[in-house]
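Remarks on the structure that follows.
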Amino acid sequence: MLTLAPLQDALNPDGYPLIEAEAKLLFLKGGHYCFQYRQGEKETYKFLSPDTVRAAFQHERIDSGWIPNGVKRLGICRQGQWYVQFIPPAKRTFTFTNIDSSGEPISLTIPMMGTVFMLCGDTCYIWATKQKTFAAEAPIYHVPLPNIYGDGRICMGTENNLSNYAEGIERLAKAWQMFMTAPFNNHLVNGKSYTHPEDIHEKLIQLQKSNRYPINDLVQCGSSVQVAINMVINR
């Protein structure tokens, strides 16, 4: 619990008591807030929670909008609004470039495992799981696709800029659409398969007629969905 005595300097940082002002809000180290106000002839201090401070400055109505299926968690952090959505296993079609010498785009339909898709501010993340339904404590694995960094961050390309769209849950659907329709190249293709560690393209080509992704070939990249999400929102 915070006590007043160790914070005397912080509570009067400019050396002036409340003379002209009726009150002031102090931003203290460690993310604490203190409200200094006049009560009769006496100056009083009251510590406030971040939620209380936010409510005092937020007068606009907040509406999440219609929440899409699979959205499991949402919030606000330093990077902005964030959303977590579970995408169940299904066959999905992706476009790839630079697979062969022609350089022409090629579409591959791949049986995908369950994935956790996250939008945080303007940045997208995706992780694979071996689960058919969402589980926060489930281990996470590299999604077997190019253009995804080791921490799950997606390289969306300069042409796919989410900052052009207003904040709100609609951005989550837009981000997923960008991910599904943008062509994948030969960037970040290694380390995502035990059988094809050098280039995931080779594995994906083999799976054209398969109904399920061989989940034992997934390469683990984190302890759990929960830990991965917390690492993103606490940056």
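Quick note on naming: the chains in the structure tokens go A, B, ... in the order shown, residues restart at 1 in each chain, and ligands are numbered from 1 in order of appearance.
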
Backbone-only DSSP, helix (DSSP H, G or I) members of region 16-231 of chain A, as number ranges by chain: A: 50-57, 162-164, 170-181, 200-206, 215-217, 225-231

Write the selection just made, keeping N, CA and C atoms, as a tab-separated table (two decimals), in the first residue's frame?
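Wrote it out as again11.tsv, contents follow:
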chain	number	residue	atom	x	y	z
A	50	PRO	N	-5.92	3.45	-12.27
A	50	PRO	CA	-5.95	3.84	-13.69
A	50	PRO	C	-7.35	3.86	-14.27
A	51	ASP	N	-8.21	2.93	-13.85
A	51	ASP	CA	-9.57	2.89	-14.37
A	51	ASP	C	-10.35	4.14	-13.96
A	52	THR	N	-10.13	4.61	-12.74
A	52	THR	CA	-10.82	5.82	-12.28
A	52	THR	C	-10.37	7.04	-13.06
A	53	VAL	N	-9.06	7.13	-13.32
A	53	VAL	CA	-8.53	8.26	-14.10
A	53	VAL	C	-9.08	8.22	-15.52
A	54	ARG	N	-9.10	7.03	-16.11
A	54	ARG	CA	-9.62	6.90	-17.47
A	54	ARG	C	-11.08	7.33	-17.54
A	55	ALA	N	-11.87	6.91	-16.56
A	55	ALA	CA	-13.29	7.25	-16.56
A	55	ALA	C	-13.50	8.75	-16.42
A	56	ALA	N	-12.62	9.42	-15.69
A	56	ALA	CA	-12.76	10.86	-15.48
A	56	ALA	C	-12.55	11.65	-16.77
A	57	PHE	N	-11.70	11.13	-17.66
A	57	PHE	CA	-11.40	11.84	-18.90
A	57	PHE	C	-12.18	11.31	-20.09
A	162	LEU	N	-2.54	-1.05	-41.86
A	162	LEU	CA	-3.76	-0.95	-41.06
A	162	LEU	C	-3.97	0.43	-40.47
A	163	SER	N	-2.93	1.27	-40.44
A	163	SER	CA	-3.09	2.61	-39.88
A	163	SER	C	-4.04	3.46	-40.70
A	164	ASN	N	-4.36	3.02	-41.91
A	164	ASN	CA	-5.31	3.76	-42.74
A	164	ASN	C	-6.76	3.52	-42.33
A	170	GLU	N	-13.75	-3.72	-36.20
A	170	GLU	CA	-13.79	-3.97	-37.64
A	170	GLU	C	-12.39	-4.14	-38.22
A	171	ARG	N	-11.40	-3.55	-37.56
A	171	ARG	CA	-10.02	-3.68	-38.04
A	171	ARG	C	-9.52	-5.11	-37.94
A	172	LEU	N	-10.07	-5.87	-36.99
A	172	LEU	CA	-9.67	-7.27	-36.84
A	172	LEU	C	-10.03	-8.05	-38.10
A	173	ALA	N	-11.26	-7.88	-38.58
A	173	ALA	CA	-11.68	-8.57	-39.80
A	173	ALA	C	-10.87	-8.10	-40.99
A	174	LYS	N	-10.55	-6.81	-41.03
A	174	LYS	CA	-9.74	-6.28	-42.13
A	174	LYS	C	-8.33	-6.86	-42.09
A	175	ALA	N	-7.78	-6.99	-40.89
A	175	ALA	CA	-6.43	-7.54	-40.75
A	175	ALA	C	-6.40	-9.00	-41.21
A	176	TRP	N	-7.41	-9.77	-40.83
A	176	TRP	CA	-7.47	-11.18	-41.24
A	176	TRP	C	-7.62	-11.28	-42.76
A	177	GLN	N	-8.43	-10.41	-43.33
A	177	GLN	CA	-8.59	-10.41	-44.79
A	177	GLN	C	-7.26	-10.11	-45.48
A	178	MET	N	-6.52	-9.15	-44.96
A	178	MET	CA	-5.22	-8.82	-45.53
A	178	MET	C	-4.28	-10.02	-45.46
A	179	PHE	N	-4.28	-10.68	-44.31
A	179	PHE	CA	-3.40	-11.83	-44.12
A	179	PHE	C	-3.73	-12.95	-45.11
A	180	MET	N	-5.02	-13.19	-45.32
A	180	MET	CA	-5.44	-14.29	-46.18
A	180	MET	C	-5.26	-13.99	-47.67
A	181	THR	N	-5.30	-12.74	-48.05
A	181	THR	CA	-5.27	-12.40	-49.48
A	181	THR	C	-3.90	-11.90	-49.96
A	200	ILE	N	9.66	-24.11	-45.93
A	200	ILE	CA	8.31	-24.61	-45.67
A	200	ILE	C	7.50	-24.77	-46.95
A	201	HIS	N	7.90	-24.11	-48.03
A	201	HIS	CA	7.18	-24.25	-49.29
A	201	HIS	C	7.07	-25.71	-49.72
A	202	GLU	N	8.16	-26.45	-49.56
A	202	GLU	CA	8.18	-27.85	-50.00
A	202	GLU	C	7.14	-28.67	-49.24
A	203	LYS	N	7.00	-28.40	-47.96
A	203	LYS	CA	6.00	-29.11	-47.16
A	203	LYS	C	4.59	-28.77	-47.61
A	204	LEU	N	4.35	-27.52	-47.88
A	204	LEU	CA	3.01	-27.08	-48.27
A	204	LEU	C	2.59	-27.67	-49.62
A	205	ILE	N	3.53	-27.78	-50.53
A	205	ILE	CA	3.22	-28.37	-51.83
A	205	ILE	C	2.81	-29.83	-51.67
A	206	GLN	N	3.45	-30.54	-50.75
A	206	GLN	CA	3.14	-31.95	-50.51
A	206	GLN	C	1.75	-32.15	-49.93
A	215	ILE	N	0.19	-32.45	-37.43
A	215	ILE	CA	0.53	-31.54	-36.34
A	215	ILE	C	1.82	-31.93	-35.62
A	216	ASN	N	2.24	-33.18	-35.73
A	216	ASN	CA	3.50	-33.58	-35.10
A	216	ASN	C	4.70	-32.96	-35.80
A	217	ASP	N	4.47	-32.37	-36.97
A	217	ASP	CA	5.55	-31.71	-37.70
A	217	ASP	C	5.69	-30.24	-37.30
A	225	VAL	N	-0.45	-19.97	-25.25
A	225	VAL	CA	-1.14	-18.82	-25.85
A	225	VAL	C	-1.16	-17.66	-24.87
A	226	GLN	N	-1.48	-17.95	-23.61
A	226	GLN	CA	-1.58	-16.91	-22.59
A	226	GLN	C	-0.28	-16.13	-22.45
A	227	VAL	N	0.83	-16.84	-22.38
A	227	VAL	CA	2.13	-16.18	-22.22
A	227	VAL	C	2.45	-15.32	-23.43
A	228	ALA	N	2.18	-15.83	-24.63
A	228	ALA	CA	2.46	-15.07	-25.84
A	228	ALA	C	1.66	-13.77	-25.89
A	229	ILE	N	0.39	-13.84	-25.53
A	229	ILE	CA	-0.46	-12.65	-25.54
A	229	ILE	C	0.04	-11.63	-24.52
A	230	ASN	N	0.36	-12.10	-23.32
A	230	ASN	CA	0.84	-11.18	-22.28
A	230	ASN	C	2.15	-10.50	-22.68
A	231	MET	N	3.01	-11.22	-23.37
A	231	MET	CA	4.27	-10.62	-23.82
A	231	MET	C	4.01	-9.48	-24.81

Contacts of Asn147 (chain A) within 12 Å, only C-alpha atoms, excl. fewer than 6 positions in-chain, as a PyMOL selection string: chain A and resi 96-97+124-126+153-157+179+182-190+192+199-201

Same residues, N, CA and C atoms, output as a tab-separated table (two decimals), in the first residue's frame:
chain	number	residue	atom	x	y	z
A	96	PHE	N	1.22	-17.72	-53.24
A	96	PHE	CA	2.66	-17.66	-53.02
A	96	PHE	C	3.36	-17.16	-54.28
A	97	THR	N	4.41	-16.40	-54.07
A	97	THR	CA	5.26	-15.96	-55.18
A	97	THR	C	6.66	-16.53	-54.99
A	124	CYS	N	0.03	-7.40	-36.44
A	124	CYS	CA	-0.68	-8.68	-36.38
A	124	CYS	C	0.28	-9.80	-35.96
A	125	TYR	N	-0.27	-10.75	-35.21
A	125	TYR	CA	0.47	-11.93	-34.77
A	125	TYR	C	-0.38	-13.17	-35.06
A	126	ILE	N	0.29	-14.29	-35.26
A	126	ILE	CA	-0.44	-15.55	-35.43
A	126	ILE	C	0.41	-16.69	-34.90
A	153	ARG	N	4.91	-12.52	-35.08
A	153	ARG	CA	4.56	-11.27	-35.77
A	153	ARG	C	4.54	-11.49	-37.29
A	154	ILE	N	3.51	-10.95	-37.93
A	154	ILE	CA	3.33	-11.15	-39.36
A	154	ILE	C	3.92	-9.96	-40.12
A	155	CYS	N	4.72	-10.27	-41.13
A	155	CYS	CA	5.23	-9.23	-42.03
A	155	CYS	C	4.16	-9.01	-43.10
A	156	MET	N	3.38	-7.96	-42.95
A	156	MET	CA	2.24	-7.72	-43.83
A	156	MET	C	2.62	-7.02	-45.13
A	157	GLY	N	3.81	-6.45	-45.20
A	157	GLY	CA	4.20	-5.72	-46.40
A	157	GLY	C	3.76	-4.27	-46.32
A	179	PHE	N	-4.28	-10.68	-44.31
A	179	PHE	CA	-3.40	-11.83	-44.12
A	179	PHE	C	-3.73	-12.95	-45.11
A	182	ALA	N	-3.06	-11.43	-49.05
A	182	ALA	CA	-1.74	-10.94	-49.48
A	182	ALA	C	-0.87	-12.11	-49.92
A	183	PRO	N	-0.09	-11.95	-50.98
A	183	PRO	CA	0.79	-13.04	-51.43
A	183	PRO	C	1.97	-13.23	-50.49
A	184	PHE	N	2.34	-14.48	-50.27
A	184	PHE	CA	3.50	-14.82	-49.45
A	184	PHE	C	4.71	-14.98	-50.37
A	185	ASN	N	5.88	-14.52	-49.90
A	185	ASN	CA	7.09	-14.68	-50.71
A	185	ASN	C	8.04	-15.68	-50.04
A	186	ASN	N	9.32	-15.59	-50.34
A	186	ASN	CA	10.29	-16.55	-49.79
A	186	ASN	C	11.04	-16.00	-48.58
A	187	HIS	N	10.43	-15.08	-47.87
A	187	HIS	CA	11.02	-14.50	-46.67
A	187	HIS	C	10.56	-15.29	-45.45
A	188	LEU	N	11.49	-15.64	-44.55
A	188	LEU	CA	11.19	-16.36	-43.31
A	188	LEU	C	10.54	-17.72	-43.59
A	189	VAL	N	11.21	-18.54	-44.40
A	189	VAL	CA	10.65	-19.84	-44.79
A	189	VAL	C	11.24	-21.00	-43.99
A	190	ASN	N	12.25	-20.75	-43.17
A	190	ASN	CA	12.94	-21.86	-42.49
A	190	ASN	C	12.50	-22.00	-41.04
A	192	LYS	N	10.25	-24.04	-39.66
A	192	LYS	CA	8.82	-24.19	-39.38
A	192	LYS	C	8.30	-25.60	-39.65
A	199	ASP	N	12.91	-24.99	-45.91
A	199	ASP	CA	11.94	-24.24	-46.73
A	199	ASP	C	10.56	-24.85	-46.56
A	200	ILE	N	9.66	-24.11	-45.93
A	200	ILE	CA	8.31	-24.61	-45.67
A	200	ILE	C	7.50	-24.77	-46.95
A	201	HIS	N	7.90	-24.11	-48.03
A	201	HIS	CA	7.18	-24.25	-49.29
A	201	HIS	C	7.07	-25.71	-49.72

Residue with smallest distance to Leu207 (chain A) - pool A:Ala138, A:Glu159, A:Arg92, A:Leu119, counting only C-alpha atoms: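 Smallest distance to Leu207 (chain A) is found for A:Arg92.
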
Straight-line distance linking CA of Tyr213 (chain A) with CA of Asp122 (chain A), stated in Å to one decimal: 29.6 Å

Close residues, Pro88 (chain A) itself excluded, 12 Å, only C-alpha atoms, min 6 positions apart in chain, as a list in words: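 Surrounding residues, per the criterion: Asn69, Gly70, Val71, Pro111, Met112, Met113, Gly114, Thr115, Val116, Phe117, Ala128, Thr129, Lys130, Gln131, Lys132, Thr133, Phe134 and Ala135 of chain A.
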
Using all heavy atoms, can you write the selected residues to a file as a short mmCIF file (atom, residue, chain, number, x, y, z; two decimals), in the first residue's frame?
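Done, and the output landed in out-v2.cif:
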data_model
loop_
_atom_site.label_atom_id
_atom_site.label_comp_id
_atom_site.auth_asym_id
_atom_site.auth_seq_id
_atom_site.Cartn_x
_atom_site.Cartn_y
_atom_site.Cartn_z
N ASN A 69 -17.25 -14.08 -34.53
CA ASN A 69 -17.08 -15.41 -33.95
C ASN A 69 -15.61 -15.69 -33.68
O ASN A 69 -14.74 -15.33 -34.48
CB ASN A 69 -17.63 -16.48 -34.90
CG ASN A 69 -19.14 -16.46 -34.97
OD1 ASN A 69 -19.80 -16.00 -34.04
ND2 ASN A 69 -19.69 -16.95 -36.06
N GLY A 70 -15.35 -16.33 -32.58
CA GLY A 70 -13.98 -16.74 -32.27
C GLY A 70 -13.18 -15.74 -31.48
O GLY A 70 -12.08 -16.06 -31.02
N VAL A 71 -13.68 -14.51 -31.31
CA VAL A 71 -12.94 -13.52 -30.52
C VAL A 71 -13.00 -13.92 -29.05
O VAL A 71 -14.07 -14.06 -28.47
CB VAL A 71 -13.51 -12.10 -30.72
CG1 VAL A 71 -12.82 -11.11 -29.78
CG2 VAL A 71 -13.31 -11.67 -32.17
N PRO A 111 -4.51 -27.77 -45.70
CA PRO A 111 -5.27 -28.06 -44.48
C PRO A 111 -4.57 -27.42 -43.28
O PRO A 111 -3.49 -27.84 -42.87
CB PRO A 111 -5.23 -29.59 -44.40
CG PRO A 111 -3.96 -29.97 -45.10
CD PRO A 111 -3.76 -28.95 -46.19
N MET A 112 -5.17 -26.38 -42.74
CA MET A 112 -4.55 -25.64 -41.65
C MET A 112 -5.04 -26.14 -40.29
O MET A 112 -6.19 -26.55 -40.13
CB MET A 112 -4.85 -24.15 -41.77
CG MET A 112 -4.16 -23.49 -42.96
SD MET A 112 -2.36 -23.45 -42.78
CE MET A 112 -2.18 -22.21 -41.49
N MET A 113 -4.15 -26.09 -39.33
CA MET A 113 -4.47 -26.42 -37.95
C MET A 113 -5.19 -25.23 -37.30
O MET A 113 -5.34 -24.18 -37.91
CB MET A 113 -3.18 -26.74 -37.19
CG MET A 113 -2.23 -25.56 -36.95
SD MET A 113 -1.64 -24.69 -38.43
CE MET A 113 -0.85 -26.03 -39.30
N GLY A 114 -5.63 -25.37 -36.06
CA GLY A 114 -6.20 -24.24 -35.35
C GLY A 114 -5.14 -23.18 -35.11
O GLY A 114 -3.99 -23.50 -34.80
N THR A 115 -5.51 -21.92 -35.29
CA THR A 115 -4.56 -20.83 -35.10
C THR A 115 -5.15 -19.76 -34.20
O THR A 115 -6.38 -19.60 -34.10
CB THR A 115 -4.16 -20.19 -36.44
OG1 THR A 115 -5.33 -19.77 -37.14
CG2 THR A 115 -3.37 -21.17 -37.30
N VAL A 116 -4.28 -19.02 -33.54
CA VAL A 116 -4.67 -17.87 -32.72
C VAL A 116 -4.16 -16.63 -33.43
O VAL A 116 -2.95 -16.46 -33.63
CB VAL A 116 -4.08 -17.97 -31.30
CG1 VAL A 116 -4.44 -16.73 -30.50
CG2 VAL A 116 -4.61 -19.22 -30.60
N PHE A 117 -5.08 -15.77 -33.83
CA PHE A 117 -4.75 -14.55 -34.57
C PHE A 117 -4.94 -13.36 -33.64
O PHE A 117 -5.95 -13.25 -32.96
CB PHE A 117 -5.67 -14.43 -35.79
CG PHE A 117 -5.36 -13.26 -36.68
CD1 PHE A 117 -4.23 -13.26 -37.48
CD2 PHE A 117 -6.21 -12.17 -36.73
CE1 PHE A 117 -3.95 -12.18 -38.32
CE2 PHE A 117 -5.95 -11.09 -37.56
CZ PHE A 117 -4.81 -11.10 -38.37
N ALA A 128 0.22 -21.15 -34.18
CA ALA A 128 -0.47 -22.41 -34.42
C ALA A 128 -0.66 -23.14 -33.10
O ALA A 128 0.13 -23.00 -32.17
CB ALA A 128 0.32 -23.27 -35.39
N THR A 129 -1.74 -23.92 -33.01
CA THR A 129 -1.95 -24.80 -31.86
C THR A 129 -2.33 -26.18 -32.38
O THR A 129 -2.69 -26.34 -33.55
CB THR A 129 -3.08 -24.28 -30.94
OG1 THR A 129 -4.35 -24.58 -31.53
CG2 THR A 129 -2.96 -22.79 -30.70
N LYS A 130 -2.27 -27.15 -31.51
CA LYS A 130 -2.68 -28.50 -31.87
C LYS A 130 -4.11 -28.78 -31.41
O LYS A 130 -4.59 -29.91 -31.48
CB LYS A 130 -1.72 -29.53 -31.26
CG LYS A 130 -0.31 -29.46 -31.83
CD LYS A 130 0.58 -30.55 -31.25
CE LYS A 130 1.97 -30.52 -31.87
NZ LYS A 130 2.85 -31.60 -31.34
N GLN A 131 -4.79 -27.73 -30.95
CA GLN A 131 -6.14 -27.87 -30.41
C GLN A 131 -7.19 -27.58 -31.48
O GLN A 131 -6.99 -26.73 -32.35
CB GLN A 131 -6.35 -26.91 -29.24
CG GLN A 131 -5.23 -26.92 -28.21
CD GLN A 131 -5.06 -28.27 -27.55
OE1 GLN A 131 -6.04 -28.89 -27.16
NE2 GLN A 131 -3.82 -28.72 -27.42
N LYS A 132 -8.33 -28.27 -31.38
CA LYS A 132 -9.45 -27.99 -32.28
C LYS A 132 -10.31 -26.85 -31.76
O LYS A 132 -11.07 -26.24 -32.51
CB LYS A 132 -10.30 -29.25 -32.46
CG LYS A 132 -9.58 -30.37 -33.19
CD LYS A 132 -10.50 -31.57 -33.38
CE LYS A 132 -9.80 -32.68 -34.14
NZ LYS A 132 -10.68 -33.87 -34.33
N THR A 133 -10.21 -26.58 -30.46
CA THR A 133 -10.92 -25.47 -29.84
C THR A 133 -9.91 -24.63 -29.05
O THR A 133 -8.80 -25.08 -28.76
CB THR A 133 -12.03 -25.96 -28.91
OG1 THR A 133 -11.46 -26.81 -27.90
CG2 THR A 133 -13.09 -26.72 -29.69
N PHE A 134 -10.32 -23.43 -28.67
CA PHE A 134 -9.40 -22.51 -28.01
C PHE A 134 -9.06 -22.98 -26.60
O PHE A 134 -9.92 -23.42 -25.84
CB PHE A 134 -10.01 -21.12 -27.93
CG PHE A 134 -9.11 -20.11 -27.28
CD1 PHE A 134 -8.07 -19.53 -27.98
CD2 PHE A 134 -9.31 -19.74 -25.95
CE1 PHE A 134 -7.23 -18.60 -27.39
CE2 PHE A 134 -8.48 -18.81 -25.35
CZ PHE A 134 -7.44 -18.24 -26.07
N ALA A 135 -7.77 -22.88 -26.27
CA ALA A 135 -7.30 -23.18 -24.92
C ALA A 135 -6.16 -22.22 -24.60
O ALA A 135 -5.12 -22.24 -25.26
CB ALA A 135 -6.83 -24.63 -24.80
#

Region 79-200 of chain A: residues DSSP assigns to strand (DSSP E), reported as a ChimeraX atom specification: /A:80-87,90-96,106-112,115-120,123-128,140-141

Residues from last step as file, N, CA, C and O atoms, as a tab-separated table (two decimals), in the first residue's frame:
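Below is the file that was written, part19.tsv:
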chain	number	residue	atom	x	y	z
A	80	GLY	N	-2.24	0.34	-28.38
A	80	GLY	CA	-3.59	0.62	-28.86
A	80	GLY	C	-4.54	-0.50	-28.50
A	80	GLY	O	-4.31	-1.27	-27.56
A	81	GLN	N	-5.62	-0.61	-29.24
A	81	GLN	CA	-6.60	-1.66	-29.00
A	81	GLN	C	-6.05	-3.00	-29.49
A	81	GLN	O	-5.34	-3.06	-30.49
A	82	TRP	N	-6.41	-4.07	-28.79
A	82	TRP	CA	-5.95	-5.40	-29.20
A	82	TRP	C	-7.07	-6.42	-29.09
A	82	TRP	O	-7.99	-6.28	-28.29
A	83	TYR	N	-6.98	-7.43	-29.96
A	83	TYR	CA	-8.01	-8.47	-30.05
A	83	TYR	C	-7.33	-9.82	-30.27
A	83	TYR	O	-6.31	-9.90	-30.95
A	84	VAL	N	-7.92	-10.85	-29.70
A	84	VAL	CA	-7.43	-12.21	-29.89
A	84	VAL	C	-8.58	-13.06	-30.43
A	84	VAL	O	-9.66	-13.09	-29.84
A	85	GLN	N	-8.33	-13.74	-31.54
A	85	GLN	CA	-9.36	-14.54	-32.19
A	85	GLN	C	-8.83	-15.94	-32.48
A	85	GLN	O	-7.70	-16.10	-32.94
A	86	PHE	N	-9.66	-16.94	-32.20
A	86	PHE	CA	-9.28	-18.32	-32.53
A	86	PHE	C	-9.88	-18.68	-33.88
A	86	PHE	O	-11.09	-18.53	-34.10
A	87	ILE	N	-9.03	-19.19	-34.76
A	87	ILE	CA	-9.46	-19.62	-36.09
A	87	ILE	C	-9.41	-21.15	-36.12
A	87	ILE	O	-8.33	-21.73	-36.00
A	90	ALA	N	-9.20	-25.78	-40.75
A	90	ALA	CA	-9.96	-25.81	-42.01
A	90	ALA	C	-8.98	-25.74	-43.16
A	90	ALA	O	-7.82	-25.33	-43.00
A	91	LYS	N	-9.44	-26.12	-44.34
A	91	LYS	CA	-8.63	-25.94	-45.54
A	91	LYS	C	-8.70	-24.48	-45.96
A	91	LYS	O	-9.79	-23.90	-46.03
A	92	ARG	N	-7.54	-23.90	-46.25
A	92	ARG	CA	-7.49	-22.49	-46.62
A	92	ARG	C	-6.55	-22.33	-47.82
A	92	ARG	O	-5.56	-23.04	-47.95
A	93	THR	N	-6.89	-21.37	-48.66
A	93	THR	CA	-6.12	-21.13	-49.88
A	93	THR	C	-5.25	-19.89	-49.72
A	93	THR	O	-5.75	-18.82	-49.34
A	94	PHE	N	-3.97	-20.04	-50.01
A	94	PHE	CA	-3.01	-18.94	-49.93
A	94	PHE	C	-2.32	-18.77	-51.28
A	94	PHE	O	-2.21	-19.72	-52.06
A	95	THR	N	-1.85	-17.57	-51.53
A	95	THR	CA	-1.12	-17.27	-52.76
A	95	THR	C	0.36	-17.08	-52.43
A	95	THR	O	0.71	-16.38	-51.47
A	96	PHE	N	1.22	-17.72	-53.24
A	96	PHE	CA	2.66	-17.66	-53.02
A	96	PHE	C	3.36	-17.16	-54.28
A	96	PHE	O	2.95	-17.45	-55.40
A	106	ILE	N	1.29	-18.52	-57.33
A	106	ILE	CA	0.70	-19.86	-57.31
A	106	ILE	C	-0.20	-19.97	-56.09
A	106	ILE	O	0.18	-19.60	-54.98
A	107	SER	N	-1.41	-20.49	-56.28
A	107	SER	CA	-2.35	-20.68	-55.17
A	107	SER	C	-2.28	-22.13	-54.69
A	107	SER	O	-2.32	-23.06	-55.49
A	108	LEU	N	-2.17	-22.30	-53.38
A	108	LEU	CA	-2.13	-23.62	-52.76
A	108	LEU	C	-3.23	-23.70	-51.71
A	108	LEU	O	-3.38	-22.80	-50.88
A	109	THR	N	-4.00	-24.78	-51.74
A	109	THR	CA	-5.02	-25.02	-50.72
A	109	THR	C	-4.45	-25.99	-49.71
A	109	THR	O	-4.08	-27.12	-50.04
A	110	ILE	N	-4.38	-25.54	-48.46
A	110	ILE	CA	-3.64	-26.26	-47.42
A	110	ILE	C	-4.56	-26.56	-46.24
A	110	ILE	O	-5.33	-25.69	-45.81
A	111	PRO	N	-4.51	-27.77	-45.70
A	111	PRO	CA	-5.27	-28.06	-44.48
A	111	PRO	C	-4.57	-27.42	-43.28
A	111	PRO	O	-3.49	-27.84	-42.87
A	112	MET	N	-5.17	-26.38	-42.74
A	112	MET	CA	-4.55	-25.64	-41.65
A	112	MET	C	-5.04	-26.14	-40.29
A	112	MET	O	-6.19	-26.55	-40.13
A	115	THR	N	-5.51	-21.92	-35.29
A	115	THR	CA	-4.56	-20.83	-35.10
A	115	THR	C	-5.15	-19.76	-34.20
A	115	THR	O	-6.38	-19.60	-34.10
A	116	VAL	N	-4.28	-19.02	-33.54
A	116	VAL	CA	-4.67	-17.87	-32.72
A	116	VAL	C	-4.16	-16.63	-33.43
A	116	VAL	O	-2.95	-16.46	-33.63
A	117	PHE	N	-5.08	-15.77	-33.83
A	117	PHE	CA	-4.75	-14.55	-34.57
A	117	PHE	C	-4.94	-13.36	-33.64
A	117	PHE	O	-5.95	-13.25	-32.96
A	118	MET	N	-3.95	-12.48	-33.61
A	118	MET	CA	-3.99	-11.34	-32.71
A	118	MET	C	-3.68	-10.05	-33.46
A	118	MET	O	-2.72	-9.99	-34.24
A	119	LEU	N	-4.49	-9.04	-33.22
A	119	LEU	CA	-4.22	-7.69	-33.72
A	119	LEU	C	-3.96	-6.80	-32.51
A	119	LEU	O	-4.79	-6.72	-31.60
A	120	CYS	N	-2.80	-6.14	-32.49
A	120	CYS	CA	-2.44	-5.25	-31.40
A	120	CYS	C	-1.96	-3.94	-32.00
A	120	CYS	O	-0.87	-3.88	-32.59
A	123	THR	N	-0.20	-3.98	-35.53
A	123	THR	CA	0.63	-5.17	-35.74
A	123	THR	C	-0.19	-6.44	-35.55
A	123	THR	O	-0.98	-6.54	-34.61
A	124	CYS	N	0.03	-7.40	-36.44
A	124	CYS	CA	-0.68	-8.68	-36.38
A	124	CYS	C	0.28	-9.80	-35.96
A	124	CYS	O	1.45	-9.80	-36.33
A	125	TYR	N	-0.27	-10.75	-35.21
A	125	TYR	CA	0.47	-11.93	-34.77
A	125	TYR	C	-0.38	-13.17	-35.06
A	125	TYR	O	-1.61	-13.09	-35.07
A	126	ILE	N	0.29	-14.29	-35.26
A	126	ILE	CA	-0.44	-15.55	-35.43
A	126	ILE	C	0.41	-16.69	-34.90
A	126	ILE	O	1.63	-16.72	-35.09
A	127	TRP	N	-0.25	-17.62	-34.20
A	127	TRP	CA	0.41	-18.80	-33.66
A	127	TRP	C	-0.44	-20.03	-33.98
A	127	TRP	O	-1.67	-19.96	-34.03
A	128	ALA	N	0.22	-21.15	-34.18
A	128	ALA	CA	-0.47	-22.41	-34.42
A	128	ALA	C	-0.66	-23.14	-33.10
A	128	ALA	O	0.13	-23.00	-32.17
A	140	ILE	N	2.12	-23.13	-28.06
A	140	ILE	CA	2.02	-22.52	-29.38
A	140	ILE	C	3.17	-22.97	-30.27
A	140	ILE	O	4.25	-23.32	-29.78
A	141	TYR	N	2.91	-22.95	-31.57
A	141	TYR	CA	3.86	-23.44	-32.56
A	141	TYR	C	3.95	-22.43	-33.71
A	141	TYR	O	3.05	-21.62	-33.91

Distance criterion (only C-alpha atoms): nearest to Phe27 (chain A) out of A:Ser101, A:Ser49, A:Gln58, A:Ser223: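 Nearest to Phe27 (chain A): A:Ser49.
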
Shell of 9 Å around His142 (chain A), only C-alpha atoms, local chain residues under 2 positions omitted, as a ChimeraX atom specification: /A:126-129,140,144-145,148-152,191-193,218-222
